[in-house]
>>> print(open('coords.txt').read())   # compact mmCIF, C-alpha atoms
# COMPACT_ATOMS: atom_id res chain seq x y z
CA MET A 72 33.55 88.30 -117.86
CA LYS A 73 30.01 89.37 -117.04
CA ILE A 74 27.37 88.27 -119.58
CA ILE A 75 24.21 90.38 -119.55
CA SER A 76 21.02 89.96 -121.58
CA ILE A 77 19.11 93.17 -122.28
CA LEU A 78 15.54 92.02 -122.61
CA ASN A 79 11.94 93.15 -122.78
CA GLN A 80 9.46 91.32 -124.99
CA LYS A 81 7.61 94.61 -125.45
CA GLY A 82 8.95 96.48 -128.46
CA GLY A 83 9.78 100.18 -128.62
CA VAL A 84 11.38 100.46 -125.17
CA ALA A 85 14.85 101.53 -126.45
CA LYS A 86 16.32 98.08 -125.86
CA THR A 87 18.66 98.08 -128.85
CA THR A 88 19.57 101.75 -128.49
CA SER A 89 20.41 101.12 -124.85
CA THR A 90 22.54 98.09 -125.68
CA GLN A 91 24.55 100.18 -128.14
CA ASN A 92 25.06 103.11 -125.82
CA ILE A 93 25.78 101.03 -122.73
CA ALA A 94 28.48 99.25 -124.75
CA ALA A 95 29.94 102.59 -125.82
CA GLY A 96 29.62 104.06 -122.34
CA LEU A 97 31.37 101.12 -120.69
CA HIS A 98 34.14 101.39 -123.29
CA GLY A 99 34.53 105.06 -122.44
CA LEU A 100 35.01 104.05 -118.81
CA GLY A 101 37.85 101.72 -119.75
CA LYS A 102 36.02 98.42 -120.20
CA LYS A 103 36.42 95.87 -122.99
CA VAL A 104 32.97 95.07 -124.37
CA LEU A 105 31.45 92.53 -126.75
CA ALA A 106 27.93 93.16 -128.07
CA ILE A 107 25.86 90.33 -129.56
CA ASP A 108 23.01 91.18 -131.92
CA PHE A 109 20.51 88.40 -131.23
CA ASP A 110 17.52 90.17 -132.79
CA PRO A 111 16.74 89.13 -136.41
CA GLN A 112 15.89 92.76 -137.19
CA GLY A 113 19.63 93.47 -137.00
CA ASN A 114 19.16 97.01 -135.71
CA LEU A 115 22.11 96.77 -133.32
CA THR A 116 24.30 95.72 -136.25
CA SER A 117 23.18 98.81 -138.17
CA GLY A 118 23.65 100.94 -135.07
CA PHE A 119 27.28 99.86 -135.01
CA GLY A 120 27.68 101.26 -138.53
CA LEU A 121 27.64 97.89 -140.34
CA ASP A 122 25.69 97.05 -143.49
CA LYS A 123 23.67 94.06 -142.31
CA ARG A 124 22.72 93.17 -145.90
CA ASN A 125 26.30 92.52 -146.96
CA LEU A 126 27.82 90.45 -144.19
CA ASP A 127 29.80 87.36 -145.13
CA TYR A 128 28.87 85.63 -141.88
CA THR A 129 26.70 86.41 -138.87
CA VAL A 130 25.99 84.94 -135.46
CA TYR A 131 23.34 82.86 -137.24
CA ASP A 132 26.07 81.00 -139.12
CA LEU A 133 27.96 80.52 -135.88
CA LEU A 134 24.91 78.97 -134.20
CA LYS A 135 24.39 76.60 -137.14
CA ALA A 136 28.06 75.62 -137.15
CA LYS A 137 27.87 74.82 -133.45
CA SER A 138 24.63 72.85 -133.74
CA PHE A 139 25.28 70.84 -136.94
CA GLY A 140 29.06 70.91 -137.26
CA THR A 141 28.65 71.66 -140.96
CA SER A 142 31.48 74.22 -141.09
CA LYS A 143 34.64 75.21 -139.24
CA LEU A 144 33.45 78.73 -138.54
CA ASN A 145 34.46 80.08 -135.15
CA PHE A 146 34.08 83.23 -133.09
CA GLY A 147 37.05 84.93 -134.74
CA ASP A 148 35.47 84.55 -138.18
CA ILE A 149 32.31 86.39 -137.12
CA VAL A 150 33.30 89.08 -134.64
CA VAL A 151 33.73 92.61 -136.00
CA GLU A 152 35.85 95.22 -134.24
CA THR A 153 34.55 98.79 -134.05
CA SER A 154 35.87 101.96 -132.46
CA PHE A 155 34.12 101.30 -129.15
CA ALA A 156 33.12 97.63 -128.91
CA ASP A 157 33.33 94.33 -130.73
CA ILE A 158 30.11 92.91 -132.13
CA LEU A 159 28.73 89.59 -133.32
CA PRO A 160 26.42 90.96 -136.05
CA THR A 161 23.21 89.52 -137.45
CA ASN A 162 20.58 90.05 -140.12
CA ILE A 163 17.23 88.69 -141.23
CA LYS A 164 18.66 85.16 -141.70
CA MET A 165 18.50 84.90 -137.91
CA SER A 166 14.71 84.61 -138.17
CA LYS A 167 15.15 81.04 -139.45
CA VAL A 168 16.73 79.82 -136.22
CA ASN A 169 13.51 78.82 -134.48
CA LEU A 170 12.50 76.62 -137.43
CA GLU A 171 15.89 75.16 -138.28
CA LEU A 172 16.95 74.34 -134.74
CA GLY A 173 13.57 73.07 -133.61
CA GLY A 174 14.69 69.46 -133.19
CA VAL A 175 18.30 70.01 -132.25
CA PRO A 176 19.14 68.57 -128.79
CA GLY A 177 20.40 71.24 -126.41
CA LYS A 178 19.46 74.03 -128.80
CA GLU A 179 18.97 76.45 -125.89
CA SER A 180 22.65 76.09 -124.89
CA LEU A 181 24.34 76.89 -128.21
CA LEU A 182 25.32 80.46 -127.34
CA LYS A 183 26.56 79.36 -123.94
CA GLU A 184 28.81 76.80 -125.64
CA ILE A 185 30.13 79.43 -128.04
CA LEU A 186 30.94 81.90 -125.27
CA LYS A 187 32.84 79.27 -123.26
CA ASP A 188 35.74 79.78 -125.65
CA VAL A 189 35.60 83.60 -125.60
CA TYR A 190 38.00 85.54 -123.39
CA GLY A 191 39.34 89.02 -122.83
CA TYR A 192 36.10 90.95 -122.33
CA ASP A 193 34.87 92.65 -119.19
CA TYR A 194 31.24 92.71 -120.36
CA VAL A 195 29.19 90.83 -122.95
CA LEU A 196 25.87 92.51 -123.79
CA ILE A 197 23.21 90.49 -125.64
CA ASP A 198 20.51 92.44 -127.47
CA CYS A 199 17.56 90.03 -127.28
CA PRO A 200 14.58 89.88 -129.65
CA PRO A 201 11.22 91.23 -128.41
CA SER A 202 9.85 87.72 -127.95
CA LEU A 203 10.28 84.67 -125.73
CA ASP A 204 11.61 82.09 -128.17
CA THR A 205 14.65 79.87 -128.86
CA LEU A 206 16.91 82.90 -129.31
CA THR A 207 15.81 84.45 -126.03
CA PHE A 208 16.27 81.19 -124.14
CA ASN A 209 19.76 80.88 -125.65
CA ALA A 210 20.59 84.35 -124.37
CA LEU A 211 19.23 83.61 -120.89
CA MET A 212 21.06 80.30 -120.70
CA ALA A 213 24.35 82.04 -121.51
CA SER A 214 23.84 85.02 -119.19
CA HIS A 215 24.66 85.80 -115.61
CA GLU A 216 22.15 88.66 -115.44
CA VAL A 217 19.20 90.29 -117.18
CA TYR A 218 18.77 94.03 -117.55
CA ILE A 219 15.23 95.17 -118.35
CA PRO A 220 14.60 98.56 -120.02
CA VAL A 221 11.09 99.83 -119.31
CA GLN A 222 9.41 102.73 -121.06
CA THR A 223 7.59 105.07 -118.68
CA GLU A 224 4.11 104.79 -120.12
CA PHE A 225 0.70 103.68 -118.84
CA TYR A 226 1.24 100.03 -119.77
CA ALA A 227 4.85 99.93 -118.56
CA LEU A 228 4.31 96.92 -116.31
CA GLU A 229 2.20 95.04 -118.85
CA GLY A 230 4.04 91.89 -119.79
CA ILE A 231 6.69 92.35 -117.11
CA VAL A 232 5.08 89.70 -114.90
CA GLU A 233 5.24 87.19 -117.77
CA LEU A 234 8.86 88.11 -118.39
CA MET A 235 9.71 87.70 -114.71
CA ASP A 236 8.00 84.29 -114.72
CA THR A 237 10.10 83.24 -117.72
CA ILE A 238 13.31 84.35 -116.03
CA ASP A 239 12.26 82.47 -112.91
CA ILE A 240 11.66 79.27 -114.91
CA VAL A 241 15.06 79.54 -116.59
CA THR A 242 16.73 80.19 -113.23
CA HIS A 243 15.18 77.18 -111.53
CA ARG A 244 15.30 74.68 -114.39
CA MET A 245 18.14 75.66 -116.73
CA ASN A 246 20.54 78.29 -115.38
CA ASP A 247 20.67 78.71 -111.63
CA ASP A 248 23.33 81.43 -111.99
CA LEU A 249 20.87 83.77 -113.70
CA ARG A 250 19.44 86.74 -111.83
CA ILE A 251 17.82 90.10 -112.56
CA GLY A 252 20.68 92.58 -112.54
CA GLY A 253 18.68 95.76 -112.92
CA ILE A 254 15.77 97.66 -114.40
CA PHE A 255 16.12 101.09 -115.96
CA ALA A 256 13.51 103.58 -117.16
CA THR A 257 13.73 104.89 -120.73
CA MET A 258 12.18 107.75 -122.72
CA VAL A 259 11.45 109.62 -119.52
CA ASP A 260 9.75 113.02 -119.58
CA SER A 261 10.07 114.39 -116.05
CA ARG A 262 7.52 117.11 -116.86
CA SER A 263 4.82 114.49 -117.36
CA LYS A 264 2.77 113.59 -114.31
CA LEU A 265 2.15 110.14 -115.81
CA HIS A 266 5.88 109.47 -116.15
CA VAL A 267 6.48 110.46 -112.54
CA GLU A 268 3.70 108.11 -111.42
CA VAL A 269 5.01 105.22 -113.51
CA ILE A 270 8.55 105.67 -112.19
CA GLY A 271 7.10 105.54 -108.69
CA GLN A 272 5.34 102.27 -109.55
CA LEU A 273 8.55 100.81 -110.98
CA LYS A 274 10.53 101.71 -107.87
CA GLU A 275 7.84 100.21 -105.65
CA PHE A 276 7.66 97.02 -107.76
CA PHE A 277 11.39 96.43 -108.31
CA GLY A 278 12.93 98.03 -105.21
CA GLU A 279 16.72 97.95 -105.19
CA ASN A 280 16.81 96.35 -108.63
CA MET A 281 15.80 99.70 -110.11
CA PHE A 282 18.69 101.79 -111.40
CA LYS A 283 18.66 105.37 -110.13
CA THR A 284 19.65 106.83 -113.50
CA LEU A 285 16.72 107.74 -115.74
CA ILE A 286 17.18 107.78 -119.51
CA ARG A 287 15.39 110.92 -120.62
CA ARG A 288 13.64 111.27 -123.95
CA ASN A 289 16.21 112.81 -126.29
CA ILE A 290 16.00 113.01 -130.09
CA LYS A 291 19.79 112.97 -130.36
CA VAL A 292 19.84 109.33 -129.20
CA ALA A 293 17.65 108.19 -132.11
CA GLU A 294 19.60 110.35 -134.55
CA ALA A 295 22.89 108.83 -133.39
CA SER A 296 21.69 105.27 -134.03
CA SER A 297 20.44 106.20 -137.50
CA HIS A 298 23.95 107.41 -138.33
CA GLY A 299 25.59 104.23 -136.99
CA LEU A 300 27.09 106.13 -134.07
CA SER A 301 26.84 106.02 -130.30
CA ILE A 302 25.39 109.02 -128.52
CA PHE A 303 28.87 109.76 -127.17
CA ASP A 304 30.27 110.18 -130.67
CA TYR A 305 27.24 111.94 -132.14
CA ALA A 306 26.25 114.37 -129.38
CA PRO A 307 28.62 114.08 -126.39
CA ARG A 308 27.10 117.07 -124.58
CA SER A 309 23.48 115.94 -124.95
CA ASN A 310 21.22 114.74 -122.15
CA GLY A 311 21.31 111.31 -123.78
CA ALA A 312 25.08 111.12 -123.38
CA LYS A 313 24.88 112.31 -119.78
CA ASP A 314 22.17 109.77 -118.93
CA TYR A 315 23.86 106.76 -120.52
CA LYS A 316 27.18 107.65 -118.93
CA GLY A 317 25.43 107.86 -115.56
CA LEU A 318 23.83 104.46 -116.14
CA CYS A 319 27.19 102.93 -117.07
CA VAL A 320 28.80 104.33 -113.91
CA GLU A 321 26.01 102.71 -111.92
CA ILE A 322 26.48 99.41 -113.76
CA ILE A 323 30.19 99.31 -112.92
CA GLU A 324 29.51 100.23 -109.30
CA ARG A 325 26.88 97.51 -109.08
CA GLU A 326 28.83 94.81 -110.89
CA GLU A 327 32.31 95.44 -109.51
CA SER A 328 31.76 96.60 -105.94
>>> encode(input="coords.txt", output="structure tokens")
Amino acid sequence: MKIISILNQKGGVAKTTSTQNIAAGLHGLGKKVLAIDFDPQGNLTSGFGLDKRNLDYTVYDLLKAKSFGTSKLNFGDIVVETSFADILPTNIKMSKVNLELGGVPGKESLLKEILKDVYGYDYVLIDCPPSLDTLTFNALMASHEVYIPVQTEFYALEGIVELMDTIDIVTHRMNDDLRIGGIFATMVDSRSKLHVEVIGQLKEFFGENMFKTLIRRNIKVAEASSHGLSIFDYAPRSNGAKDYKGLCVEIIEREES
């Protein structure tokens, strides 16, 4: 079971959309996938077609149960099965984690402890919040790899150095199994000279860690998420579907070769 955090502390880079469509794409290629919504905004939960306002339990409750032992909730009580992937959903309650777990010993390892008892998946994808906090450290502690989506804009590399430093700290001090699994460009407009230049910078900076597949700007991708559908269900012949399928093929080649 490969556990992958999808992370960029810069918002608006298609992190959640990519998590959803990578999960769906891997499923379409025969893989069993679990997605974890670790962002208090709960957009991945909505993208999976769930009403985040009316959930009995979320991953927040699971974290609290693991940290305080105040309930007998377990993974099976939280996980929701959908047509293409299972999901541990969340909602705005998740925003209380940083405050409520502030003094809990080993708070950065709660998700890792939870996933120790989870089996049967080929891939676990964690949609991280756009910040470097307790939730993000939990995700990194539990993960084998980090995938970084990067929007092809002028400030694409802004903040990446800080993110790489954080990953390096976690690797050397907390989780020596963690590594950068790949970087992929999102919202690409190949007609734009700026986008071409930025992609060149990304390839030069990240080298072989850069995925070859480029996720082109495609309105169908955003429309699909707003309808609680993957791009493969909403517009299977769109460029978005072609790009995410290509990325998923690359992921399997990279992870299973």
>>> atom_distance(input="coords.txt", atom1="atom CA of A:Asp260", atom2="atom CA of A:Ala293")
15.6 Å
>>> atom_distance(input="coords.txt", atom1="atom CA of A:Leu134", atom2="atom CA of A:Leu181")
6.4 Å
>>> atom_distance(input="coords.txt", atom1="atom CA of A:Ala136", atom2="atom CA of A:Ala213")
17.3 Å
>>> closest_residue(input="coords.txt", among="A:Asp127, A:Glu179, A:Glu233, A:Asp198", to="A:Ile107", atoms="all atoms listed in the file")
A:Asp198
>>> residues_near_point(input="coords.txt", point="(33.1, 100.5, -128.8)", cutoff="10 Å", atoms="only C-alpha atoms", output="JSON, numbers by chain")
{"A": [91, 92, 93, 94, 95, 96, 97, 98, 99, 102, 103, 104, 105, 106, 119, 152, 153, 154, 155, 156, 157, 158, 300, 301]}
>>> closest_residue(input="coords.txt", among="A:Leu211, A:Leu285, A:Ile254, A:Leu318", to="A:Ile240", atoms="only C-alpha atoms")
A:Leu211
>>> closest_residue(input="coords.txt", among="A:Val221, A:Asp236, A:Ile302, A:Val269", to="A:Lys81", atoms="all atoms listed in the file")
A:Val221
>>> closest_residue(input="coords.txt", among="A:His243, A:Lys313, A:Lys164, A:His215", to="A:Ile74", atoms="only C-alpha atoms")
A:His215
>>> decode(input="coords.txt", residues="stretch 224-260 of chain A", atoms="N, CA and C atoms", output="PDB file, in the first residue's frame")
ATOM      1  N   GLU A 224       2.606  29.495 -13.463  1.00  0.00           N
ATOM      2  CA  GLU A 224       2.481  30.942 -13.444  1.00  0.00           C
ATOM      3  C   GLU A 224       3.803  31.554 -13.011  1.00  0.00           C
ATOM      4  N   PHE A 225       3.877  32.872 -13.024  1.00  0.00           N
ATOM      5  CA  PHE A 225       5.137  33.576 -12.776  1.00  0.00           C
ATOM      6  C   PHE A 225       5.737  33.226 -11.421  1.00  0.00           C
ATOM      7  N   TYR A 226       4.883  33.061 -10.404  1.00  0.00           N
ATOM      8  CA  TYR A 226       5.368  32.781  -9.062  1.00  0.00           C
ATOM      9  C   TYR A 226       5.293  31.296  -8.728  1.00  0.00           C
ATOM     10  N   ALA A 227       5.419  30.455  -9.730  1.00  0.00           N
ATOM     11  CA  ALA A 227       5.242  29.006  -9.544  1.00  0.00           C
ATOM     12  C   ALA A 227       6.189  28.431  -8.496  1.00  0.00           C
ATOM     13  N   LEU A 228       7.417  28.913  -8.487  1.00  0.00           N
ATOM     14  CA  LEU A 228       8.409  28.355  -7.569  1.00  0.00           C
ATOM     15  C   LEU A 228       8.425  29.053  -6.208  1.00  0.00           C
ATOM     16  N   GLU A 229       7.594  30.105  -6.079  1.00  0.00           N
ATOM     17  CA  GLU A 229       7.543  30.815  -4.809  1.00  0.00           C
ATOM     18  C   GLU A 229       6.955  29.913  -3.738  1.00  0.00           C
ATOM     19  N   GLY A 230       7.632  29.736  -2.676  1.00  0.00           N
ATOM     20  CA  GLY A 230       7.155  28.884  -1.593  1.00  0.00           C
ATOM     21  C   GLY A 230       7.593  27.442  -1.714  1.00  0.00           C
ATOM     22  N   ILE A 231       8.040  27.033  -2.914  1.00  0.00           N
ATOM     23  CA  ILE A 231       8.449  25.647  -3.113  1.00  0.00           C
ATOM     24  C   ILE A 231       9.696  25.329  -2.280  1.00  0.00           C
ATOM     25  N   VAL A 232      10.607  26.282  -2.190  1.00  0.00           N
ATOM     26  CA  VAL A 232      11.831  26.067  -1.412  1.00  0.00           C
ATOM     27  C   VAL A 232      11.486  25.818   0.047  1.00  0.00           C
ATOM     28  N   GLU A 233      10.548  26.605   0.593  1.00  0.00           N
ATOM     29  CA  GLU A 233      10.112  26.403   1.976  1.00  0.00           C
ATOM     30  C   GLU A 233       9.477  25.030   2.144  1.00  0.00           C
ATOM     31  N   LEU A 234       8.658  24.641   1.180  1.00  0.00           N
ATOM     32  CA  LEU A 234       8.015  23.336   1.228  1.00  0.00           C
ATOM     33  C   LEU A 234       9.047  22.214   1.190  1.00  0.00           C
ATOM     34  N   MET A 235      10.040  22.361   0.316  1.00  0.00           N
ATOM     35  CA  MET A 235      11.093  21.346   0.209  1.00  0.00           C
ATOM     36  C   MET A 235      11.886  21.264   1.518  1.00  0.00           C
ATOM     37  N   ASP A 236      12.122  22.412   2.152  1.00  0.00           N
ATOM     38  CA  ASP A 236      12.821  22.420   3.439  1.00  0.00           C
ATOM     39  C   ASP A 236      12.009  21.672   4.499  1.00  0.00           C
ATOM     40  N   THR A 237      10.689  21.881   4.485  1.00  0.00           N
ATOM     41  CA  THR A 237       9.823  21.196   5.452  1.00  0.00           C
ATOM     42  C   THR A 237       9.864  19.696   5.242  1.00  0.00           C
ATOM     43  N   ILE A 238       9.770  19.263   3.997  1.00  0.00           N
ATOM     44  CA  ILE A 238       9.835  17.840   3.681  1.00  0.00           C
ATOM     45  C   ILE A 238      11.170  17.262   4.122  1.00  0.00           C
ATOM     46  N   ASP A 239      12.236  18.033   3.918  1.00  0.00           N
ATOM     47  CA  ASP A 239      13.571  17.581   4.304  1.00  0.00           C
ATOM     48  C   ASP A 239      13.679  17.410   5.820  1.00  0.00           C
ATOM     49  N   ILE A 240      13.082  18.348   6.573  1.00  0.00           N
ATOM     50  CA  ILE A 240      13.098  18.255   8.039  1.00  0.00           C
ATOM     51  C   ILE A 240      12.346  17.007   8.502  1.00  0.00           C
ATOM     52  N   VAL A 241      11.166  16.787   7.919  1.00  0.00           N
ATOM     53  CA  VAL A 241      10.374  15.612   8.297  1.00  0.00           C
ATOM     54  C   VAL A 241      11.138  14.334   7.962  1.00  0.00           C
ATOM     55  N   THR A 242      11.791  14.317   6.812  1.00  0.00           N
ATOM     56  CA  THR A 242      12.531  13.127   6.386  1.00  0.00           C
ATOM     57  C   THR A 242      13.662  12.797   7.348  1.00  0.00           C
ATOM     58  N   HIS A 243      14.391  13.821   7.774  1.00  0.00           N
ATOM     59  CA  HIS A 243      15.578  13.588   8.605  1.00  0.00           C
ATOM     60  C   HIS A 243      15.266  13.428  10.089  1.00  0.00           C
ATOM     61  N   ARG A 244      14.149  13.975  10.543  1.00  0.00           N
ATOM     62  CA  ARG A 244      13.872  13.961  11.979  1.00  0.00           C
ATOM     63  C   ARG A 244      12.693  13.071  12.376  1.00  0.00           C
ATOM     64  N   MET A 245      11.766  12.805  11.439  1.00  0.00           N
ATOM     65  CA  MET A 245      10.522  12.154  11.841  1.00  0.00           C
ATOM     66  C   MET A 245      10.146  10.938  11.000  1.00  0.00           C
ATOM     67  N   ASN A 246      10.422  10.978   9.714  1.00  0.00           N
ATOM     68  CA  ASN A 246       9.992   9.901   8.817  1.00  0.00           C
ATOM     69  C   ASN A 246      11.035   9.715   7.726  1.00  0.00           C
ATOM     70  N   ASP A 247      12.004   8.854   7.982  1.00  0.00           N
ATOM     71  CA  ASP A 247      13.100   8.701   7.030  1.00  0.00           C
ATOM     72  C   ASP A 247      12.709   7.890   5.799  1.00  0.00           C
ATOM     73  N   ASP A 248      11.449   7.426   5.752  1.00  0.00           N
ATOM     74  CA  ASP A 248      10.958   6.744   4.551  1.00  0.00           C
ATOM     75  C   ASP A 248      10.366   7.723   3.535  1.00  0.00           C
ATOM     76  N   LEU A 249      10.165   8.960   3.944  1.00  0.00           N
ATOM     77  CA  LEU A 249       9.502   9.940   3.093  1.00  0.00           C
ATOM     78  C   LEU A 249      10.427  10.441   1.989  1.00  0.00           C
ATOM     79  N   ARG A 250       9.868  10.586   0.790  1.00  0.00           N
ATOM     80  CA  ARG A 250      10.623  11.179  -0.309  1.00  0.00           C
ATOM     81  C   ARG A 250       9.667  11.919  -1.238  1.00  0.00           C
ATOM     82  N   ILE A 251      10.213  12.763  -2.085  1.00  0.00           N
ATOM     83  CA  ILE A 251       9.405  13.448  -3.095  1.00  0.00           C
ATOM     84  C   ILE A 251       9.177  12.477  -4.254  1.00  0.00           C
ATOM     85  N   GLY A 252       7.928  12.128  -4.474  1.00  0.00           N
ATOM     86  CA  GLY A 252       7.604  11.149  -5.506  1.00  0.00           C
ATOM     87  C   GLY A 252       7.435  11.754  -6.877  1.00  0.00           C
ATOM     88  N   GLY A 253       7.058  13.031  -6.935  1.00  0.00           N
ATOM     89  CA  GLY A 253       6.881  13.638  -8.246  1.00  0.00           C
ATOM     90  C   GLY A 253       6.261  15.018  -8.168  1.00  0.00           C
ATOM     91  N   ILE A 254       6.500  15.793  -9.206  1.00  0.00           N
ATOM     92  CA  ILE A 254       5.928  17.128  -9.355  1.00  0.00           C
ATOM     93  C   ILE A 254       5.207  17.161 -10.686  1.00  0.00           C
ATOM     94  N   PHE A 255       4.007  17.713 -10.700  1.00  0.00           N
ATOM     95  CA  PHE A 255       3.287  17.808 -11.977  1.00  0.00           C
ATOM     96  C   PHE A 255       2.712  19.209 -12.165  1.00  0.00           C
ATOM     97  N   ALA A 256       2.739  19.678 -13.408  1.00  0.00           N
ATOM     98  CA  ALA A 256       2.278  21.018 -13.742  1.00  0.00           C
ATOM     99  C   ALA A 256       0.780  21.001 -14.010  1.00  0.00           C
ATOM    100  N   THR A 257       0.075  22.006 -13.474  1.00  0.00           N
ATOM    101  CA  THR A 257      -1.371  22.099 -13.651  1.00  0.00           C
ATOM    102  C   THR A 257      -1.760  23.413 -14.327  1.00  0.00           C
ATOM    103  N   MET A 258      -2.979  23.421 -14.865  1.00  0.00           N
ATOM    104  CA  MET A 258      -3.554  24.614 -15.509  1.00  0.00           C
ATOM    105  C   MET A 258      -2.637  25.157 -16.603  1.00  0.00           C
ATOM    106  N   VAL A 259      -2.107  24.252 -17.381  1.00  0.00           N
ATOM    107  CA  VAL A 259      -1.127  24.618 -18.407  1.00  0.00           C
ATOM    108  C   VAL A 259      -1.824  25.137 -19.664  1.00  0.00           C
ATOM    109  N   ASP A 260      -1.328  26.237 -20.187  1.00  0.00           N
ATOM    110  CA  ASP A 260      -1.754  26.770 -21.481  1.00  0.00           C
ATOM    111  C   ASP A 260      -0.530  26.767 -22.384  1.00  0.00           C
TER     112      ASP A 260
END
